[in-house]
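S.K.: Quick one, input.cif (mmCIF, C-alpha atoms and all ligand atoms):
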data_final
#
loop_
_atom_site.label_atom_id
_atom_site.label_comp_id
_atom_site.auth_asym_id
_atom_site.auth_seq_id
_atom_site.Cartn_x
_atom_site.Cartn_y
_atom_site.Cartn_z
CA MET A 7 -11.19 21.51 2.37
CA ALA A 8 -10.14 20.17 5.76
CA ASP A 9 -12.51 18.76 8.39
CA SER A 10 -13.67 21.15 11.04
CA ARG A 11 -10.62 21.93 13.22
CA THR A 12 -9.31 24.63 15.52
CA CYS A 13 -7.32 27.38 13.81
CA LEU A 14 -5.14 30.04 15.38
CA VAL A 15 -4.93 33.32 13.47
CA THR A 16 -2.28 35.83 14.59
CA GLY A 17 -3.02 39.35 13.36
CA GLY A 18 -6.68 38.34 13.19
CA ALA A 19 -7.97 41.83 14.07
CA GLY A 20 -6.25 43.29 11.01
CA PHE A 21 -7.52 43.81 7.48
CA ILE A 22 -6.75 40.39 5.95
CA GLY A 23 -6.76 38.47 9.26
CA SER A 24 -10.32 39.50 10.14
CA HIS A 25 -11.63 38.36 6.74
CA LEU A 26 -9.74 35.10 7.25
CA CYS A 27 -11.35 34.60 10.69
CA ASP A 28 -14.83 35.17 9.17
CA ALA A 29 -14.16 32.75 6.30
CA LEU A 30 -12.83 30.01 8.61
CA LEU A 31 -15.85 30.37 10.93
CA LEU A 32 -18.16 30.16 7.92
CA LEU A 33 -16.57 26.81 7.04
CA GLY A 34 -17.34 25.56 10.57
CA HIS A 35 -13.84 25.82 12.04
CA LYS A 36 -13.14 27.03 15.56
CA VAL A 37 -11.00 30.17 15.48
CA ILE A 38 -8.71 31.67 18.08
CA CYS A 39 -7.46 35.12 17.17
CA ILE A 40 -4.33 36.58 18.72
CA ASP A 41 -3.67 40.29 18.18
CA ASN A 42 -2.11 43.17 20.11
CA LEU A 43 -4.22 45.74 18.20
CA LEU A 44 -1.15 47.70 17.06
CA THR A 45 -2.55 48.30 13.56
CA GLY A 46 -5.73 46.20 13.75
CA ARG A 47 -9.11 47.06 15.23
CA LYS A 48 -11.66 45.20 17.31
CA GLU A 49 -14.47 46.52 15.03
CA ASN A 50 -13.08 44.26 12.29
CA LEU A 51 -14.19 41.32 14.45
CA ARG A 52 -17.75 42.59 14.97
CA ASP A 53 -19.21 39.57 13.14
CA ALA A 54 -16.70 37.03 14.44
CA VAL A 55 -17.31 37.80 18.12
CA GLN A 56 -20.99 36.87 17.68
CA ASN A 57 -19.90 33.32 16.86
CA PRO A 58 -19.51 30.91 19.83
CA HIS A 59 -16.64 29.20 17.96
CA PHE A 60 -14.56 32.39 18.09
CA THR A 61 -12.14 33.48 20.83
CA PHE A 62 -10.08 36.69 20.94
CA ILE A 63 -6.85 36.85 22.95
CA GLU A 64 -5.07 40.19 23.21
CA HIS A 65 -1.41 39.27 23.08
CA ASP A 66 1.85 40.49 21.55
CA VAL A 67 3.44 37.61 19.60
CA THR A 68 6.93 38.92 20.32
CA LYS A 69 6.35 37.52 23.82
CA PRO A 70 5.95 33.78 24.34
CA LEU A 71 2.41 32.63 25.06
CA SER A 72 1.73 32.31 28.78
CA LYS A 73 0.78 28.94 30.29
CA ASP A 74 -2.74 30.30 30.83
CA ALA A 75 -3.03 31.36 27.18
CA CYS A 76 -1.79 27.94 26.03
CA GLU A 77 -4.41 26.27 28.20
CA GLN A 78 -7.08 28.60 26.83
CA ILE A 79 -5.98 27.80 23.28
CA GLY A 80 -5.89 24.03 23.81
CA THR A 81 -5.37 21.79 20.80
CA ILE A 82 -4.75 23.58 17.54
CA SER A 83 -4.38 22.04 14.09
CA TYR A 84 -3.45 25.14 12.09
CA VAL A 85 -1.48 28.32 12.83
CA PHE A 86 -2.04 31.15 10.35
CA HIS A 87 0.70 33.66 11.21
CA LEU A 88 -0.38 37.04 9.86
CA ALA A 89 0.67 39.37 12.69
CA SER A 90 2.73 42.31 11.37
CA PRO A 91 2.14 45.91 10.37
CA ALA A 92 1.80 45.82 6.58
CA SER A 93 1.29 49.29 5.12
CA VAL A 94 4.38 51.39 4.37
CA VAL A 95 3.10 54.14 6.65
CA ASP A 96 2.45 51.69 9.51
CA TYR A 97 5.75 49.86 9.39
CA GLN A 98 7.75 53.08 9.10
CA LYS A 99 5.88 54.38 12.17
CA TYR A 100 6.69 51.11 14.02
CA PRO A 101 10.01 49.91 12.56
CA GLU A 102 11.32 48.10 15.62
CA GLU A 103 7.95 46.54 16.46
CA THR A 104 7.69 45.33 12.85
CA ALA A 105 11.20 43.85 12.86
CA LEU A 106 10.57 42.11 16.19
CA THR A 107 7.13 40.81 15.23
CA ASN A 108 8.43 39.22 12.04
CA SER A 109 11.52 37.78 13.74
CA MET A 110 10.92 36.95 17.42
CA GLY A 111 7.16 36.80 16.90
CA THR A 112 7.57 34.28 14.10
CA ILE A 113 9.99 32.20 16.20
CA ASN A 114 7.50 32.16 19.09
CA MET A 115 4.68 30.98 16.83
CA LEU A 116 6.91 28.37 15.13
CA ARG A 117 7.91 26.99 18.56
CA PHE A 118 4.26 26.86 19.50
CA ALA A 119 3.33 25.06 16.24
CA LYS A 120 6.19 22.61 16.71
CA ASP A 121 5.22 21.82 20.33
CA ILE A 122 1.62 21.03 19.44
CA GLY A 123 2.23 19.50 15.99
CA ALA A 124 0.23 22.17 14.12
CA THR A 125 0.61 23.10 10.45
CA PHE A 126 2.08 26.62 10.09
CA LEU A 127 1.40 29.15 7.36
CA LEU A 128 3.54 32.28 7.19
CA ALA A 129 2.02 35.40 5.63
CA SER A 130 5.07 36.63 3.74
CA THR A 131 5.08 39.34 1.11
CA SER A 132 6.06 40.35 -2.40
CA GLU A 133 8.30 42.89 -0.62
CA ILE A 134 10.86 40.13 -0.16
CA TYR A 135 11.54 40.62 -3.92
CA GLY A 136 12.39 44.29 -3.17
CA ASP A 137 12.71 46.41 -6.31
CA PRO A 138 12.66 43.38 -8.60
CA LYS A 139 14.97 42.87 -11.54
CA GLU A 140 12.76 40.07 -12.87
CA HIS A 141 9.24 40.65 -14.07
CA PRO A 142 6.80 39.10 -13.34
CA GLN A 143 8.15 37.66 -10.09
CA LYS A 144 8.42 33.89 -9.75
CA GLU A 145 9.05 32.17 -6.41
CA ALA A 146 12.53 31.14 -7.58
CA TYR A 147 13.65 34.81 -7.80
CA TRP A 148 15.80 35.82 -4.77
CA GLY A 149 14.99 39.50 -4.87
CA ASN A 150 16.73 42.88 -4.79
CA VAL A 151 16.30 44.39 -1.33
CA ASN A 152 18.07 47.42 0.15
CA PRO A 153 19.09 46.09 3.59
CA VAL A 154 19.54 49.57 5.12
CA GLY A 155 16.66 51.41 3.44
CA LEU A 156 13.44 52.74 4.98
CA ARG A 157 11.51 49.63 3.92
CA ALA A 158 14.11 47.23 5.34
CA CYS A 159 12.43 46.87 8.77
CA TYR A 160 9.64 45.09 6.91
CA ASP A 161 11.38 43.50 3.91
CA GLU A 162 14.35 42.11 5.80
CA SER A 163 12.32 40.89 8.77
CA LYS A 164 9.91 39.10 6.42
CA ARG A 165 12.94 37.50 4.73
CA PHE A 166 14.13 36.47 8.21
CA GLY A 167 10.64 35.04 8.85
CA GLU A 168 10.86 32.92 5.69
CA MET A 169 14.36 31.73 6.63
CA ILE A 170 13.44 30.74 10.19
CA SER A 171 10.25 29.01 9.01
CA MET A 172 12.37 26.85 6.71
CA VAL A 173 14.74 26.09 9.63
CA TYR A 174 11.82 24.76 11.67
CA HIS A 175 10.62 22.85 8.63
CA ARG A 176 13.98 21.23 7.78
CA ARG A 177 15.34 20.74 11.31
CA ASP A 178 12.17 19.96 13.24
CA GLY A 179 9.81 18.67 10.57
CA VAL A 180 7.22 21.40 11.13
CA ASP A 181 4.69 21.41 8.28
CA VAL A 182 5.35 24.94 7.00
CA ARG A 183 3.86 26.80 4.06
CA ILE A 184 4.96 30.27 2.97
CA ALA A 185 2.47 32.50 1.17
CA ARG A 186 4.05 35.50 -0.57
CA ILE A 187 1.16 37.92 -0.64
CA PHE A 188 1.04 40.68 -3.28
CA ASN A 189 -0.87 43.98 -2.89
CA THR A 190 -4.29 43.17 -1.50
CA TYR A 191 -7.18 45.61 -1.00
CA GLY A 192 -10.80 45.64 0.08
CA PRO A 193 -13.19 46.57 2.89
CA ARG A 194 -11.65 47.01 6.38
CA MET A 195 -8.42 48.60 5.17
CA ARG A 196 -8.10 51.55 7.55
CA PRO A 197 -8.91 54.74 5.64
CA ASP A 198 -5.71 56.28 7.05
CA ASP A 199 -3.37 53.33 6.46
CA GLY A 200 -1.63 55.19 3.62
CA ARG A 201 -1.91 52.42 1.03
CA VAL A 202 -2.61 53.51 -2.50
CA VAL A 203 -6.13 52.06 -2.85
CA SER A 204 -7.39 53.40 0.49
CA ASN A 205 -5.74 56.79 -0.12
CA PHE A 206 -7.12 57.26 -3.64
CA ILE A 207 -10.68 56.15 -2.81
CA ASN A 208 -10.89 58.24 0.36
CA GLN A 209 -9.48 61.27 -1.45
CA ALA A 210 -11.85 60.76 -4.41
CA ILE A 211 -15.08 60.40 -2.43
CA ILE A 212 -14.59 63.84 -0.89
CA ASN A 213 -13.22 65.37 -4.11
CA LYS A 214 -9.79 65.98 -2.63
CA PRO A 215 -6.71 65.78 -4.89
CA LEU A 216 -5.46 62.25 -5.58
CA THR A 217 -1.81 62.07 -4.48
CA VAL A 218 0.30 60.18 -7.03
CA TYR A 219 3.87 59.56 -5.83
CA GLY A 220 6.54 60.09 -8.50
CA ASP A 221 5.21 60.26 -12.06
CA GLY A 222 2.85 57.33 -11.40
CA SER A 223 4.55 55.07 -13.96
CA GLN A 224 5.43 52.47 -11.30
CA THR A 225 3.17 49.41 -11.34
CA ARG A 226 1.36 47.23 -8.82
CA SER A 227 -1.00 44.25 -9.24
CA PHE A 228 -4.11 44.31 -7.07
CA CYS A 229 -5.87 41.36 -5.48
CA PHE A 230 -9.31 41.58 -3.83
CA VAL A 231 -9.27 40.34 -0.23
CA ASP A 232 -11.88 37.57 -0.71
CA ASP A 233 -9.70 35.94 -3.39
CA LEU A 234 -6.60 36.27 -1.24
CA VAL A 235 -8.31 34.67 1.78
CA GLU A 236 -9.40 31.74 -0.39
CA GLY A 237 -5.78 31.35 -1.54
CA ILE A 238 -4.49 31.44 2.04
CA MET A 239 -6.96 28.75 3.11
CA LYS A 240 -6.00 26.57 0.14
CA GLY A 241 -2.36 27.16 1.04
CA MET A 242 -3.07 25.77 4.50
CA PHE A 243 -5.54 22.99 3.76
CA THR A 244 -3.94 21.46 0.64
CA ASP A 245 -2.03 18.26 1.37
CA GLY A 246 1.47 17.52 0.10
CA ILE A 247 2.83 21.09 -0.08
CA ASN A 248 4.91 21.00 3.08
CA GLY A 249 7.84 23.47 2.74
CA GLU A 250 6.47 25.17 -0.39
CA VAL A 251 6.70 28.91 -1.08
CA ILE A 252 3.76 30.17 -3.12
CA ASN A 253 2.92 33.60 -4.59
CA LEU A 254 -0.64 34.74 -3.95
CA GLY A 255 -1.88 37.77 -5.84
CA ASN A 256 -3.82 38.97 -8.83
CA PRO A 257 -1.65 39.44 -11.95
CA GLU A 258 -3.90 42.34 -13.14
CA GLU A 259 -1.18 45.02 -13.27
CA TYR A 260 -1.70 48.80 -13.36
CA ARG A 261 0.45 51.87 -13.42
CA VAL A 262 -0.33 53.95 -10.32
CA ILE A 263 -1.48 56.82 -12.54
CA GLU A 264 -3.91 54.46 -14.32
CA LEU A 265 -5.28 53.38 -10.95
CA ALA A 266 -5.80 57.03 -9.96
CA GLU A 267 -7.67 57.72 -13.21
CA LYS A 268 -9.76 54.57 -12.81
CA ILE A 269 -10.79 55.43 -9.23
CA LYS A 270 -11.53 59.00 -10.24
CA ALA A 271 -13.81 57.77 -13.01
CA MET A 272 -15.50 55.09 -10.87
CA THR A 273 -16.29 57.53 -8.05
CA GLY A 274 -17.28 60.37 -10.39
CA ALA A 275 -14.83 62.59 -8.49
CA THR A 276 -13.93 66.08 -9.68
CA SER A 277 -10.56 65.77 -7.90
CA GLU A 278 -7.37 66.82 -9.63
CA ILE A 279 -4.40 64.45 -9.70
CA VAL A 280 -1.34 65.91 -7.94
CA PHE A 281 2.22 64.55 -8.04
CA LYS A 282 4.27 64.15 -4.84
CA ASP A 283 7.82 62.92 -4.23
CA LEU A 284 8.40 59.23 -4.85
CA PRO A 285 9.40 57.59 -1.54
CA PRO A 286 12.89 56.00 -1.54
CA ASP A 287 13.18 52.37 -2.69
CA ASP A 288 9.61 52.33 -4.04
CA PRO A 289 9.58 49.23 -6.32
CA ARG A 290 9.30 50.16 -10.04
CA GLU A 291 7.09 47.25 -11.01
CA ARG A 292 5.41 44.31 -9.40
CA GLN A 293 3.35 41.45 -10.75
CA PRO A 294 3.01 37.94 -9.37
CA ASP A 295 3.61 34.87 -11.48
CA ILE A 296 0.91 32.60 -10.05
CA THR A 297 1.66 29.49 -12.13
CA LYS A 298 2.66 27.63 -8.96
CA ALA A 299 -0.50 28.58 -7.04
CA LYS A 300 -2.61 27.42 -9.99
CA ARG A 301 -0.74 24.11 -10.20
CA LEU A 302 -0.43 23.27 -6.50
CA LEU A 303 -3.57 24.84 -5.08
CA GLY A 304 -5.89 25.02 -8.08
CA TRP A 305 -6.26 28.68 -7.10
CA GLU A 306 -6.51 31.87 -9.09
CA PRO A 307 -8.29 35.16 -8.36
CA ARG A 308 -11.89 35.46 -9.55
CA VAL A 309 -12.70 39.07 -8.69
CA SER A 310 -11.69 41.61 -11.34
CA VAL A 311 -10.10 44.86 -10.21
CA ASP A 312 -13.19 46.76 -11.41
CA GLU A 313 -15.52 44.60 -9.31
CA GLY A 314 -13.24 44.68 -6.25
CA LEU A 315 -12.84 48.44 -6.43
CA ARG A 316 -16.62 48.86 -6.72
CA LYS A 317 -17.10 46.89 -3.49
CA THR A 318 -14.33 48.82 -1.74
CA ILE A 319 -15.71 52.21 -2.83
CA GLU A 320 -19.15 51.17 -1.55
CA TYR A 321 -17.60 50.19 1.81
CA TYR A 322 -15.82 53.52 2.26
CA ARG A 323 -18.89 55.52 1.21
CA LYS A 324 -20.85 53.85 4.04
CA LEU A 325 -18.24 54.63 6.71
P1 LIG B 401 -2.93 44.87 9.18
O1 LIG B 401 -2.00 45.86 9.74
O2 LIG B 401 -4.33 45.29 8.88
O3 LIG B 401 -3.01 43.59 10.11
C1 LIG B 401 -1.93 43.13 10.86
C2 LIG B 401 -2.42 42.72 12.24
O4 LIG B 401 -1.31 42.24 13.01
C3 LIG B 401 -3.04 43.90 13.02
O5 LIG B 401 -4.29 43.53 13.53
C4 LIG B 401 -2.02 44.15 14.12
O6 LIG B 401 -2.60 44.71 15.28
C5 LIG B 401 -1.44 42.78 14.34
N1 LIG B 401 -0.12 42.78 14.95
C6 LIG B 401 0.98 43.51 14.60
N2 LIG B 401 2.02 43.24 15.42
C7 LIG B 401 1.58 42.30 16.29
C8 LIG B 401 2.18 41.62 17.40
N3 LIG B 401 3.46 41.85 17.76
N4 LIG B 401 1.42 40.73 18.08
C9 LIG B 401 0.15 40.48 17.73
N5 LIG B 401 -0.47 41.10 16.71
C10 LIG B 401 0.22 42.00 16.01
O7 LIG B 401 -2.24 44.28 7.86
P2 LIG B 401 -2.80 43.30 6.73
O8 LIG B 401 -2.82 44.03 5.47
O9 LIG B 401 -4.05 42.65 7.19
O10 LIG B 401 -1.62 42.25 6.65
C11 LIG B 401 -1.71 40.98 7.26
C12 LIG B 401 -0.48 40.16 6.92
O11 LIG B 401 -0.39 39.98 5.50
C13 LIG B 401 0.83 40.81 7.36
O12 LIG B 401 1.72 39.80 7.83
C14 LIG B 401 1.37 41.40 6.08
O13 LIG B 401 2.78 41.50 6.09
C15 LIG B 401 0.87 40.41 5.04
N6 LIG B 401 0.76 41.07 3.71
C16 LIG B 401 -0.26 41.95 3.44
C17 LIG B 401 -0.33 42.55 2.19
C18 LIG B 401 -1.43 43.50 1.82
O14 LIG B 401 -1.44 43.99 0.69
N7 LIG B 401 -2.41 43.79 2.66
C19 LIG B 401 0.65 42.27 1.23
C20 LIG B 401 1.68 41.41 1.57
C21 LIG B 401 1.72 40.79 2.81
N1 LIG B 402 1.22 55.56 -3.86
C1 LIG B 402 0.81 56.73 -4.45
N2 LIG B 402 -0.02 57.54 -3.75
C2 LIG B 402 -0.46 57.25 -2.50
C3 LIG B 402 -0.03 56.04 -1.90
C4 LIG B 402 0.82 55.23 -2.61
O1 LIG B 402 1.18 57.04 -5.60
O2 LIG B 402 -1.23 58.06 -1.94
C5 LIG B 402 2.10 54.64 -4.64
C6 LIG B 402 3.35 54.19 -3.91
O3 LIG B 402 4.40 55.09 -4.10
C7 LIG B 402 3.60 52.85 -4.59
C8 LIG B 402 2.21 52.33 -4.92
O4 LIG B 402 1.36 53.47 -4.90
O5 LIG B 402 4.31 53.03 -5.79
C9 LIG B 402 1.69 51.29 -3.95
O6 LIG B 402 1.82 51.82 -2.63
P1 LIG B 402 1.30 51.05 -1.36
O7 LIG B 402 1.83 51.80 -0.16
O8 LIG B 402 -0.16 50.83 -1.44
O9 LIG B 402 1.96 49.62 -1.48
P2 LIG B 402 3.47 49.09 -1.64
O10 LIG B 402 4.37 50.22 -2.02
O11 LIG B 402 3.79 48.50 -0.32
O12 LIG B 402 3.36 48.09 -2.73
#
Output the file's structure in the form of structure tokens.
Ligand code: NAD
Ligand code: UDP

M.R.:
Amino acid sequence: MADSRTCLVTGGAGFIGSHLCDALLLLGHKVICIDNLLTGRKENLRDAVQNPHFTFIEHDVTKPLSKDACEQIGTISYVFHLASPASVVDYQKYPEETALTNSMGTINMLRFAKDIGATFLLASTSEIYGDPKEHPQKEAYWGNVNPVGLRACYDESKRFGEMISMVYHRRDGVDVRIARIFNTYGPRMRPDDGRVVSNFINQAIINKPLTVYGDGSQTRSFCFVDDLVEGIMKGMFTDGINGEVINLGNPEEYRVIELAEKIKAMTGATSEIVFKDLPPDDPRERQPDITKAKRLLGWEPRVSVDEGLRKTIEYYRKL
């Protein structure tokens, strides 16, 4: 791991970003979090704000940082760029904000990283593979994305973010790393964010029907947030991986219907399982090939889906 340094985390009030802030502080780093609170919440930073090494700046990354903000931030070694709505419900509610955050917002943060000589990590996504025609997905796969579909505001702007990050890397020598994050779950996902794990658990704990979209035969692979955060930090702090694109996710793959049955059993719910329309362009299957992450970062997930779901169910029961 790196020496104690100052880290900037955009999107730090969100689900993954807030866990990242906590983990960086625990390692003794100083953390500056930038967030406009579009889909994140200040409560996620309840622990972080107690730490004197933590600073929160409310700011929209689609706008350049003001001179005052730059002075407040000072010298930064690492920029973790996580800002962006991430759940399907959120980014379809905010399509233009999402597109701008992942395009102009990413350019603003790359310019900032370039000016101060910081290492830059982009939180990209498995969505850049679209509805994949290769399974499992390796980093070398270029994807199958509908450019005019309902998911395009997210998928295409994340692809733009990857492209522009590589421009700053090749043209300006910025030390860039791209993490393609696969479905991640855990405490602090908003109960109403519409993702499958938060929906199913919150439906199950009050014995409401579990809403499976389509026939539930589509697959996803689920990574617990603590594992993901460890992967992100390794992605940033590992030397010699400048310009690399790396999948981060847990290859444990489930059909959505299997996940519903598992959560029903784990919560002891009496809920029925109901079938709703499959949203357009919903990827049929998704599983990360993490050979590269294992080789370059020495990283692989340690938390099984059963253990991660147990912790997440416990979190929602306490809310
Ligand atoms: P989240 O919505 O909980 O967090 C995103 C944060 O970004 C929020 O706090 C939000 O307020 C902030 N934000 C959005 N637009 C902003 C802007 N213009 N300026 C400043 N802040 C802004 O989502 P998450 O699940 O924590 O996702 C974090 C990152 O990881 C995102 O970039 C997402 O695309 C990526 N990712 C997440 C997953 C997943 O399964 N959770 C999968 C793939 C990729
Ligand atoms: N899904 C579902 N019921 C829900 C929410 C989601 O069956 O209440 C399905 C959704 O159609 C998709 C999968 O679960 O096939 C994962 O959805 P999520 O929105 O969590 O993630 P993404 O589609 O972005 O991978």

S.K.: Please check which residues have atoms at most 10 Å from (-14.0, 34.7, 6.5) in the file's coordinates, counting only C-alpha atoms, and write them as a list in words.

M.R.: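 Within the cut-off we find Ile22, Gly23, Ser24, His25, Leu26, Cys27, Asp28, Ala29, Leu30, Leu31, Leu32, Leu33, Asp53, Ala54, Val231, Asp232, Val235, Glu236 and Met239 of chain A.
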
S.K.: Could you work out an axis-aligned box for ligand LIG 401 (chain B), taking every atom the file lists and adding 4 Å on each side, and report centre and edge lengths in Å to one decimal, as lines of an AutoDock Vina configuration file?

M.R.:
center_x = -0.4
center_y = 42.8
center_z = 9.4
size_x = 15.8
size_y = 14.1
size_z = 25.4

S.K.: List as a PyMOL selection string the protein and nucleic acid residues lying within 7 Å of ligand LIG 402 (chain B), with all atoms listed in the file counted.

M.R.: chain A and resi 93-94+189+200-203+205-206+216-220+222+224-226+262+284-285+288-289

S.K.: Give me the residues within 10 Å of stretch 135-145 of chain A as a VMD selection string, counting only C-alpha atoms and dropping any in the same chain fewer than 2 places off.

M.R.: chain A and resid 131 to 133 147 to 153 157 to 158 161 to 162 165 186 250 to 253 257 259 287 to 298

S.K.: Return as a PyMOL selection string every polymer residue, whether protein, DNA or RNA, with at least one atom no more than 7 Å from an atom of ligand LIG 401 (chain B); count all atoms listed in the file.

M.R.: chain A and resi 16-23+40-47+65-68+88-93+103-104+107+111+129-132+186-191+195

S.K.: Please identify all polymer residues within 12 Å of A:Arg316, counting only C-alpha atoms, omitting same-chain residues fewer than 3 positions from it, and present them as a short mmCIF file (atom, residue, chain, number, x, y, z; two decimals) with C-alpha atoms, in the coordinates of the input.

M.R.:
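Output below, filename out-v7.cif:
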data_model
loop_
_atom_site.label_atom_id
_atom_site.label_comp_id
_atom_site.auth_asym_id
_atom_site.auth_seq_id
_atom_site.Cartn_x
_atom_site.Cartn_y
_atom_site.Cartn_z
CA TYR A 191 -7.18 45.61 -1.00
CA GLY A 192 -10.80 45.64 0.08
CA PRO A 193 -13.19 46.57 2.89
CA VAL A 203 -6.13 52.06 -2.85
CA ILE A 207 -10.68 56.15 -2.81
CA PHE A 230 -9.31 41.58 -3.83
CA LYS A 268 -9.76 54.57 -12.81
CA ILE A 269 -10.79 55.43 -9.23
CA LYS A 270 -11.53 59.00 -10.24
CA ALA A 271 -13.81 57.77 -13.01
CA MET A 272 -15.50 55.09 -10.87
CA THR A 273 -16.29 57.53 -8.05
CA VAL A 309 -12.70 39.07 -8.69
CA SER A 310 -11.69 41.61 -11.34
CA VAL A 311 -10.10 44.86 -10.21
CA ASP A 312 -13.19 46.76 -11.41
CA GLU A 313 -15.52 44.60 -9.31
CA ILE A 319 -15.71 52.21 -2.83
CA GLU A 320 -19.15 51.17 -1.55
CA TYR A 321 -17.60 50.19 1.81
CA TYR A 322 -15.82 53.52 2.26
CA ARG A 323 -18.89 55.52 1.21
#

S.K.: Name all residues at most 12 Å from stretch 169-171 of chain A (count all atoms listed in the file; drop same-chain ones fewer than 2 positions away) and give them as a compact mmCIF listing (two decimals) with C-alpha atoms, in the frame of the given file.

M.R.:
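Heads up, here's the output in selection36.txt:
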# COMPACT_ATOMS: atom_id res chain seq x y z
CA HIS A 87 0.70 33.66 11.21
CA ASN A 108 8.43 39.22 12.04
CA SER A 109 11.52 37.78 13.74
CA MET A 110 10.92 36.95 17.42
CA GLY A 111 7.16 36.80 16.90
CA THR A 112 7.57 34.28 14.10
CA ILE A 113 9.99 32.20 16.20
CA ASN A 114 7.50 32.16 19.09
CA MET A 115 4.68 30.98 16.83
CA LEU A 116 6.91 28.37 15.13
CA ARG A 117 7.91 26.99 18.56
CA ALA A 119 3.33 25.06 16.24
CA LYS A 120 6.19 22.61 16.71
CA THR A 125 0.61 23.10 10.45
CA PHE A 126 2.08 26.62 10.09
CA LEU A 127 1.40 29.15 7.36
CA LEU A 128 3.54 32.28 7.19
CA ALA A 129 2.02 35.40 5.63
CA SER A 130 5.07 36.63 3.74
CA ILE A 134 10.86 40.13 -0.16
CA GLU A 162 14.35 42.11 5.80
CA SER A 163 12.32 40.89 8.77
CA LYS A 164 9.91 39.10 6.42
CA ARG A 165 12.94 37.50 4.73
CA PHE A 166 14.13 36.47 8.21
CA GLY A 167 10.64 35.04 8.85
CA VAL A 173 14.74 26.09 9.63
CA TYR A 174 11.82 24.76 11.67
CA HIS A 175 10.62 22.85 8.63
CA ARG A 176 13.98 21.23 7.78
CA ARG A 177 15.34 20.74 11.31
CA ASP A 178 12.17 19.96 13.24
CA GLY A 179 9.81 18.67 10.57
CA VAL A 180 7.22 21.40 11.13
CA ASP A 181 4.69 21.41 8.28
CA VAL A 182 5.35 24.94 7.00
CA ARG A 183 3.86 26.80 4.06
CA ILE A 184 4.96 30.27 2.97
CA ALA A 185 2.47 32.50 1.17
CA ASN A 248 4.91 21.00 3.08
CA GLY A 249 7.84 23.47 2.74
CA GLU A 250 6.47 25.17 -0.39
CA VAL A 251 6.70 28.91 -1.08

S.K.: If you count only C-alpha atoms, which residues fall within 8 Å of A:Thr61, apart from same-chain ones fewer than 5 positions away, as a list in words?

M.R.: Val37, Ile38, Cys39 and Val55 of chain A

S.K.: Have a look at A:Val95, A:Cys13, A:Ile211, A:Ile247 and name the one nearest to A:Arg196; count all atoms listed in the file.

M.R.: A:Val95

S.K.: Identify which of the residues A:Leu315, A:Leu156, A:Cys76, A:Ala266 lies closest to A:Asp96, counting all atoms listed in the file when measuring atom-to-atom distances.

M.R.: A:Leu156

S.K.: Quick one, how far is atom CA of A:Arg301 from atom CA of A:Val85?

M.R.: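 Atom CA of A:Val85 lies at a distance of 23.4 Å from atom CA of A:Arg301.
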